[in-house]
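K.L.:
This is the content of model08.pdb (PDB, C-alpha atoms):
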```pdb
ATOM      1  CA  MET A  16       0.000   0.000   0.000
ATOM      2  CA  LYS A  17       1.595   3.240  -1.215
ATOM      3  CA  ARG A  18       1.782   6.364   0.933
ATOM      4  CA  LEU A  19      -0.476   9.097  -0.455
ATOM      5  CA  THR A  20       0.919  12.349  -1.819
ATOM      6  CA  GLU A  21      -0.148  15.651  -0.267
ATOM      7  CA  ALA A  22      -2.474  16.277  -3.240
ATOM      8  CA  GLU A  23      -4.062  12.830  -2.831
ATOM      9  CA  ILE A  24      -4.506  13.385   0.926
ATOM     10  CA  ALA A  25      -6.259  16.720   0.259
ATOM     11  CA  GLU A  26      -8.574  14.981  -2.218
ATOM     12  CA  GLU A  27      -9.345  12.135   0.230
ATOM     13  CA  LEU A  28      -9.982  14.584   3.096
ATOM     14  CA  ALA A  29     -12.471  16.474   0.932
ATOM     15  CA  ARG A  30     -14.375  13.194   0.446
ATOM     16  CA  THR A  31     -14.250  12.280   4.165
ATOM     17  CA  PRO A  32     -16.097  14.965   6.156
ATOM     18  CA  GLY A  33     -15.190  15.553   9.792
ATOM     19  CA  TRP A  34     -11.797  13.859   9.628
ATOM     20  CA  GLU A  35      -8.866  16.138  10.323
ATOM     21  CA  ARG A  36      -5.245  15.769   9.440
ATOM     22  CA  ASP A  37      -2.791  15.414  12.311
ATOM     23  CA  GLY A  38       0.704  14.901  10.916
ATOM     24  CA  ASP A  39       0.903  11.388   9.478
ATOM     25  CA  ALA A  40      -2.610  10.515  10.723
ATOM     26  CA  VAL A  41      -6.274  11.534  10.420
ATOM     27  CA  ARG A  42      -8.559  11.940  13.407
ATOM     28  CA  LYS A  43     -12.254  12.360  14.185
ATOM     29  CA  ALA A  44     -14.156  12.818  17.450
ATOM     30  CA  PHE A  45     -17.603  11.237  17.892
ATOM     31  CA  ALA A  46     -20.060  12.235  20.640
ATOM     32  CA  PHE A  47     -22.703   9.903  22.091
ATOM     33  CA  PRO A  48     -25.588  10.216  24.539
ATOM     34  CA  SER A  49     -23.851   7.913  27.065
ATOM     35  CA  PHE A  50     -20.723   5.910  27.901
ATOM     36  CA  GLU A  51     -22.691   2.765  27.025
ATOM     37  CA  ALA A  52     -23.413   4.093  23.514
ATOM     38  CA  ALA A  53     -19.750   5.069  23.125
ATOM     39  CA  ILE A  54     -18.707   1.481  23.957
ATOM     40  CA  GLN A  55     -21.283   0.129  21.490
ATOM     41  CA  PHE A  56     -19.693   2.343  18.829
ATOM     42  CA  VAL A  57     -16.235   1.012  19.771
ATOM     43  CA  ASN A  58     -17.521  -2.516  19.133
ATOM     44  CA  ASN A  59     -18.907  -1.489  15.736
ATOM     45  CA  VAL A  60     -15.578   0.137  14.836
ATOM     46  CA  ALA A  61     -13.704  -2.968  16.019
ATOM     47  CA  ARG A  62     -15.786  -5.148  13.691
ATOM     48  CA  LEU A  63     -15.073  -2.889  10.707
ATOM     49  CA  ALA A  64     -11.387  -2.749  11.684
ATOM     50  CA  GLU A  65     -11.151  -6.551  11.802
ATOM     51  CA  GLU A  66     -12.848  -6.802   8.399
ATOM     52  CA  ALA A  67     -10.375  -4.285   6.969
ATOM     53  CA  ASN A  68      -7.452  -5.759   8.942
ATOM     54  CA  HIS A  69      -6.624  -2.155   9.804
ATOM     55  CA  HIS A  70      -6.862  -0.881  13.381
ATOM     56  CA  PRO A  71      -7.424   2.707  14.447
ATOM     57  CA  ASP A  72      -6.250   4.048  17.778
ATOM     58  CA  ILE A  73      -9.423   4.337  19.855
ATOM     59  CA  LEU A  74      -9.754   6.739  22.790
ATOM     60  CA  VAL A  75     -12.906   6.584  24.920
ATOM     61  CA  ARG A  76     -13.465   9.479  27.315
ATOM     62  CA  CYS A  77     -16.897   9.394  28.968
ATOM     63  CA  ASP A  78     -19.382   9.689  26.105
ATOM     64  CA  GLN A  79     -16.777  10.702  23.497
ATOM     65  CA  VAL A  80     -14.715   8.488  21.188
ATOM     66  CA  VAL A  81     -11.720   9.791  19.244
ATOM     67  CA  LEU A  82     -10.433   7.641  16.372
ATOM     68  CA  THR A  83      -6.967   8.064  14.855
ATOM     69  CA  LEU A  84      -5.994   6.331  11.626
ATOM     70  CA  ARG A  85      -2.592   5.908   9.998
ATOM     71  CA  THR A  86      -0.794   3.150   8.093
ATOM     72  CA  HIS A  87       2.230   2.233  10.218
ATOM     73  CA  ASP A  88       3.746  -0.018   7.526
ATOM     74  CA  ALA A  89       3.713   2.804   4.985
ATOM     75  CA  GLY A  90       4.916   5.441   7.476
ATOM     76  CA  GLY A  91       1.961   7.705   6.729
ATOM     77  CA  LEU A  92      -1.524   7.915   5.243
ATOM     78  CA  THR A  93      -2.723   5.487   2.581
ATOM     79  CA  GLY A  94      -5.981   4.700   0.820
ATOM     80  CA  ARG A  95      -6.707   2.133   3.559
ATOM     81  CA  ASP A  96      -7.031   4.860   6.173
ATOM     82  CA  PHE A  97      -9.630   6.798   4.217
ATOM     83  CA  ARG A  98     -11.515   3.653   3.177
ATOM     84  CA  LEU A  99     -11.875   2.618   6.814
ATOM     85  CA  ALA A 100     -12.764   6.196   7.845
ATOM     86  CA  ARG A 101     -15.617   6.243   5.322
ATOM     87  CA  ALA A 102     -16.773   2.738   6.287
ATOM     88  CA  ILE A 103     -16.975   3.899   9.932
ATOM     89  CA  ASP A 104     -18.905   7.036   8.930
ATOM     90  CA  ALA A 105     -21.314   4.996   6.783
ATOM     91  CA  ALA A 106     -22.123   2.443   9.525
ATOM     92  CA  PRO A 107     -25.242   2.890  11.703
ATOM     93  CA  ARG A 108     -24.509   4.932  14.837
ATOM     94  CA  PRO A 109     -25.625   3.728  18.322
TER      95      PRO A 109
ATOM     96  CA  MET B  13     -16.077  11.594  47.637
ATOM     97  CA  LYS B  14     -13.063  13.254  49.243
ATOM     98  CA  ARG B  15      -9.809  13.791  47.392
ATOM     99  CA  LEU B  16      -7.037  11.602  48.827
ATOM    100  CA  THR B  17      -3.988  13.082  50.538
ATOM    101  CA  GLU B  18      -0.512  12.328  49.182
ATOM    102  CA  ALA B  19       0.032   9.829  52.004
ATOM    103  CA  GLU B  20      -3.258   8.078  51.221
ATOM    104  CA  ILE B  21      -2.389   7.960  47.498
ATOM    105  CA  ALA B  22       0.986   6.359  48.282
ATOM    106  CA  GLU B  23      -0.776   3.769  50.434
ATOM    107  CA  GLU B  24      -3.363   3.016  47.726
ATOM    108  CA  LEU B  25      -0.677   2.751  45.031
ATOM    109  CA  ALA B  26       1.206   0.210  47.143
ATOM    110  CA  ARG B  27      -1.960  -1.921  47.219
ATOM    111  CA  THR B  28      -2.591  -1.565  43.456
ATOM    112  CA  PRO B  29       0.350  -3.073  41.537
ATOM    113  CA  GLY B  30       1.142  -1.842  38.035
ATOM    114  CA  TRP B  31      -0.782   1.414  38.334
ATOM    115  CA  GLU B  32       1.324   4.526  38.035
ATOM    116  CA  ARG B  33       0.659   8.046  39.144
ATOM    117  CA  ASP B  34       0.370  10.679  36.427
ATOM    118  CA  GLY B  35      -0.478  14.014  38.041
ATOM    119  CA  ASP B  36      -4.095  13.886  39.215
ATOM    120  CA  ALA B  37      -4.635  10.438  37.664
ATOM    121  CA  VAL B  38      -3.407   6.835  37.782
ATOM    122  CA  ARG B  39      -2.635   4.833  34.662
ATOM    123  CA  LYS B  40      -1.913   1.234  33.660
ATOM    124  CA  ALA B  41      -1.088  -0.372  30.290
ATOM    125  CA  PHE B  42      -2.399  -3.851  29.472
ATOM    126  CA  ALA B  43      -1.039  -6.020  26.634
ATOM    127  CA  PHE B  44      -3.073  -8.685  24.826
ATOM    128  CA  PRO B  45      -2.385 -11.328  22.188
ATOM    129  CA  SER B  46      -4.616  -9.558  19.645
ATOM    130  CA  PHE B  47      -6.755  -6.494  18.891
ATOM    131  CA  GLU B  48      -9.813  -8.709  19.363
ATOM    132  CA  ALA B  49      -8.710  -9.635  22.899
ATOM    133  CA  ALA B  50      -8.006  -5.956  23.628
ATOM    134  CA  ILE B  51     -11.586  -5.071  22.607
ATOM    135  CA  GLN B  52     -12.940  -7.902  24.760
ATOM    136  CA  PHE B  53     -11.040  -6.415  27.700
ATOM    137  CA  VAL B  54     -12.530  -2.977  26.919
ATOM    138  CA  ASN B  55     -16.002  -4.517  27.193
ATOM    139  CA  ASN B  56     -15.133  -6.106  30.533
ATOM    140  CA  VAL B  57     -13.798  -2.769  31.800
ATOM    141  CA  ALA B  58     -16.933  -1.002  30.513
ATOM    142  CA  ARG B  59     -19.136  -3.390  32.508
ATOM    143  CA  LEU B  60     -17.154  -2.783  35.704
ATOM    144  CA  ALA B  61     -17.197   0.971  35.006
ATOM    145  CA  GLU B  62     -20.981   0.983  34.613
ATOM    146  CA  GLU B  63     -21.380  -1.000  37.846
ATOM    147  CA  ALA B  64     -19.143   1.503  39.653
ATOM    148  CA  ASN B  65     -20.667   4.475  37.783
ATOM    149  CA  HIS B  66     -17.056   5.593  37.283
ATOM    150  CA  HIS B  67     -15.509   5.725  33.812
ATOM    151  CA  PRO B  68     -11.823   5.461  33.003
ATOM    152  CA  ASP B  69     -10.327   6.983  29.869
ATOM    153  CA  ILE B  70      -9.669   3.998  27.607
ATOM    154  CA  LEU B  71      -7.054   4.060  24.858
ATOM    155  CA  VAL B  72      -6.819   1.077  22.487
ATOM    156  CA  ARG B  73      -3.730   0.908  20.297
ATOM    157  CA  CYS B  74      -3.477  -2.383  18.378
ATOM    158  CA  ASP B  75      -3.215  -5.072  21.063
ATOM    159  CA  GLN B  76      -2.583  -2.625  23.929
ATOM    160  CA  VAL B  77      -5.076  -0.896  26.214
ATOM    161  CA  VAL B  78      -4.137   2.016  28.469
ATOM    162  CA  LEU B  79      -6.568   2.938  31.256
ATOM    163  CA  THR B  80      -6.491   6.286  33.039
ATOM    164  CA  LEU B  81      -8.522   6.877  36.194
ATOM    165  CA  ARG B  82      -9.286  10.097  38.023
ATOM    166  CA  THR B  83     -12.289  11.590  39.833
ATOM    167  CA  HIS B  84     -13.244  14.703  37.868
ATOM    168  CA  ASP B  85     -15.778  15.878  40.477
ATOM    169  CA  ALA B  86     -13.154  15.799  43.223
ATOM    170  CA  GLY B  87     -10.420  17.353  41.049
ATOM    171  CA  GLY B  88      -8.032  14.488  41.739
ATOM    172  CA  LEU B  89      -7.711  10.925  43.001
ATOM    173  CA  THR B  90     -10.231   9.375  45.358
ATOM    174  CA  GLY B  91     -10.944   5.942  46.799
ATOM    175  CA  ARG B  92     -13.258   5.277  43.823
ATOM    176  CA  ASP B  93     -10.318   5.335  41.416
ATOM    177  CA  PHE B  94      -8.366   2.722  43.326
ATOM    178  CA  ARG B  95     -11.435   0.573  43.980
ATOM    179  CA  LEU B  96     -12.180   0.430  40.246
ATOM    180  CA  ALA B  97      -8.487  -0.155  39.425
ATOM    181  CA  ARG B  98      -8.428  -3.184  41.738
ATOM    182  CA  ALA B  99     -11.769  -4.480  40.405
ATOM    183  CA  ILE B 100     -10.337  -4.321  36.867
ATOM    184  CA  ASP B 101      -7.159  -6.124  37.958
ATOM    185  CA  ALA B 102      -9.181  -8.822  39.734
ATOM    186  CA  ALA B 103     -11.470  -9.561  36.772
ATOM    187  CA  PRO B 104     -10.660 -12.468  34.407
ATOM    188  CA  ARG B 105      -8.440 -11.352  31.501
ATOM    189  CA  PRO B 106      -9.309 -12.254  27.864
TER     190      PRO B 106
END
```
Starting from the coordinates I provided, produce the structure as structure tokens.

P.N.:
Amino acid sequence: MKRLTEAEIAEELARTPGWERDGDAVRKAFAFPSFEAAIQFVNNVARLAEEANHHPDILVRCDQVVLTLRTHDAGGLTGRDFRLARAIDAAPRP
Amino acid sequence: MKRLTEAEIAEELARTPGWERDGDAVRKAFAFPSFEAAIQFVNNVARLAEEANHHPDILVRCDQVVLTLRTHDAGGLTGRDFRLARAIDAAPRP
């Protein structure tokens, strides 16, 4: 999986609303009505991550979840990161 | 719930192996054989957190989980943090 160029990253970000660049990663914060709903979301993300064999960093803080995606093997962002980001966004939310 | 004194924190830490002080919080890293096992652990922690009505920050990074406990309402560490830490340590591990 090839590391994306800056132009490709800009194009992918435009297609992936709410995700923000942070160095060699992209990040999005999700808010939920409760801690329980946040944990349900973590389980949904985990399922998608296993399917993609690509694992975001997941931070749960009360009713908030922050996801961070990067491709360690490529040393930066690849198409896999944005594909998983969009799959997460497209999935039903608890 | 009263904030613990420094002496009380030292005493609690001695009774709670593997947890380290980080300012107004305590933290412990847990390693697992897989991402799937890490997520299973997160669900176990979530159950204990709901029972205690006390919610750690949970960071999942691949097959590692880092838990951070503090009592926001008290502005620091209380007995609740160490009680939940020990309940998590005592629970079966995936």

K.L.:
Pick out the closest residue to chain A from this set: B:Ala97, B:Leu89, B:Ala102, B:Ala49. Count all atoms listed in the file.

P.N.:
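Selected residue with least distance to chain A: B:Ala49.
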
K.L.:
Compare A:Ile73, A:Ile103, A:Ala29, A:Ala89 by their minimum atom-to-atom distance to chain B, counting only C-alpha atoms, and give me the closest one.

P.N.:
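Of A:Ile73, A:Ile103, A:Ala29, A:Ala89, the one nearest chain B, counting only C-alpha atoms, is A:Ile73.
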
K.L.:
What residues in chain B have any atom no more than 8 Å from chain A when counting all atoms listed in the file, and can you write them as JSON, numbers by chain?

P.N.:
{"B": [47, 48, 51, 55, 58, 62, 67, 68, 69, 70, 71, 72, 73, 74]}

K.L.:
Could you save the residues just selected, with C-alpha atoms, as a JSON list (two decimals), in the coordinates of the input?

P.N.:
```
[["chain", "number", "residue", "atom", "x", "y", "z"],
["B", 47, "PHE", "CA", -6.76, -6.49, 18.89],
["B", 48, "GLU", "CA", -9.81, -8.71, 19.36],
["B", 51, "ILE", "CA", -11.59, -5.07, 22.61],
["B", 55, "ASN", "CA", -16.00, -4.52, 27.19],
["B", 58, "ALA", "CA", -16.93, -1.00, 30.51],
["B", 62, "GLU", "CA", -20.98, 0.98, 34.61],
["B", 67, "HIS", "CA", -15.51, 5.72, 33.81],
["B", 68, "PRO", "CA", -11.82, 5.46, 33.00],
["B", 69, "ASP", "CA", -10.33, 6.98, 29.87],
["B", 70, "ILE", "CA", -9.67, 4.00, 27.61],
["B", 71, "LEU", "CA", -7.05, 4.06, 24.86],
["B", 72, "VAL", "CA", -6.82, 1.08, 22.49],
["B", 73, "ARG", "CA", -3.73, 0.91, 20.30],
["B", 74, "CYS", "CA", -3.48, -2.38, 18.38]]
```

K.L.:
As a PyMOL selection string, please: the residues near Arg95 in chain B (cut-off 10 Å, all atoms listed in the file, same-chain neighbours under 6 positions excluded).

P.N.:
chain B and resi 24+28+64+101

K.L.:
Written as a ChimeraX atom specification, which residues does the PyMOL selection byres ((chain A and resi 18) around 8) give for the file shown?

P.N.:
/A:16-17,19-20,89-94

K.L.:
Measure the distance from CA of Val57 in chain B to CA of Ser49 in chain A in Å and round it to one decimal.

P.N.:
15.4 Å

K.L.:
If you measure from CA of Phe44 in chain B to CA of Asp93 in chain B, what distance in Å do you get, rounded to one decimal?

P.N.:
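Rounded to one decimal, the two atoms are 22.9 Å apart.
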
K.L.:
So, counting only C-alpha atoms, which residue among B:Asn65, B:Ala19, B:Leu60, B:Leu81 is closest to Glu32 in chain B?

P.N.:
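Among the listed residues, the smallest separation from Glu32 in chain B belongs to B:Leu81.
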
K.L.:
Between CA of Arg33 in chain B and CA of Pro45 in chain B, measure the distance and give it in Å to one decimal.

P.N.:
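Interatomic distance here is 25.9 Å.
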
K.L.:
Restricting the calculation to all atoms listed in the file: of B:Arg82, B:Asn56, B:Glu20, B:Phe94, which residue gets closest to Gly35 in chain B?

P.N.:
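Of all the options, B:Arg82 lies closest to Gly35 in chain B.
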
K.L.:
Show me, as a list in words, the residues that have an atom within 8 Å of Trp34 in chain A when counting only C-alpha atoms, minus same-chain residues fewer than 5 positions from it.

P.N.:
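Returned residues: Leu28, Val41, Arg42, Lys43 and Ala100 of chain A.
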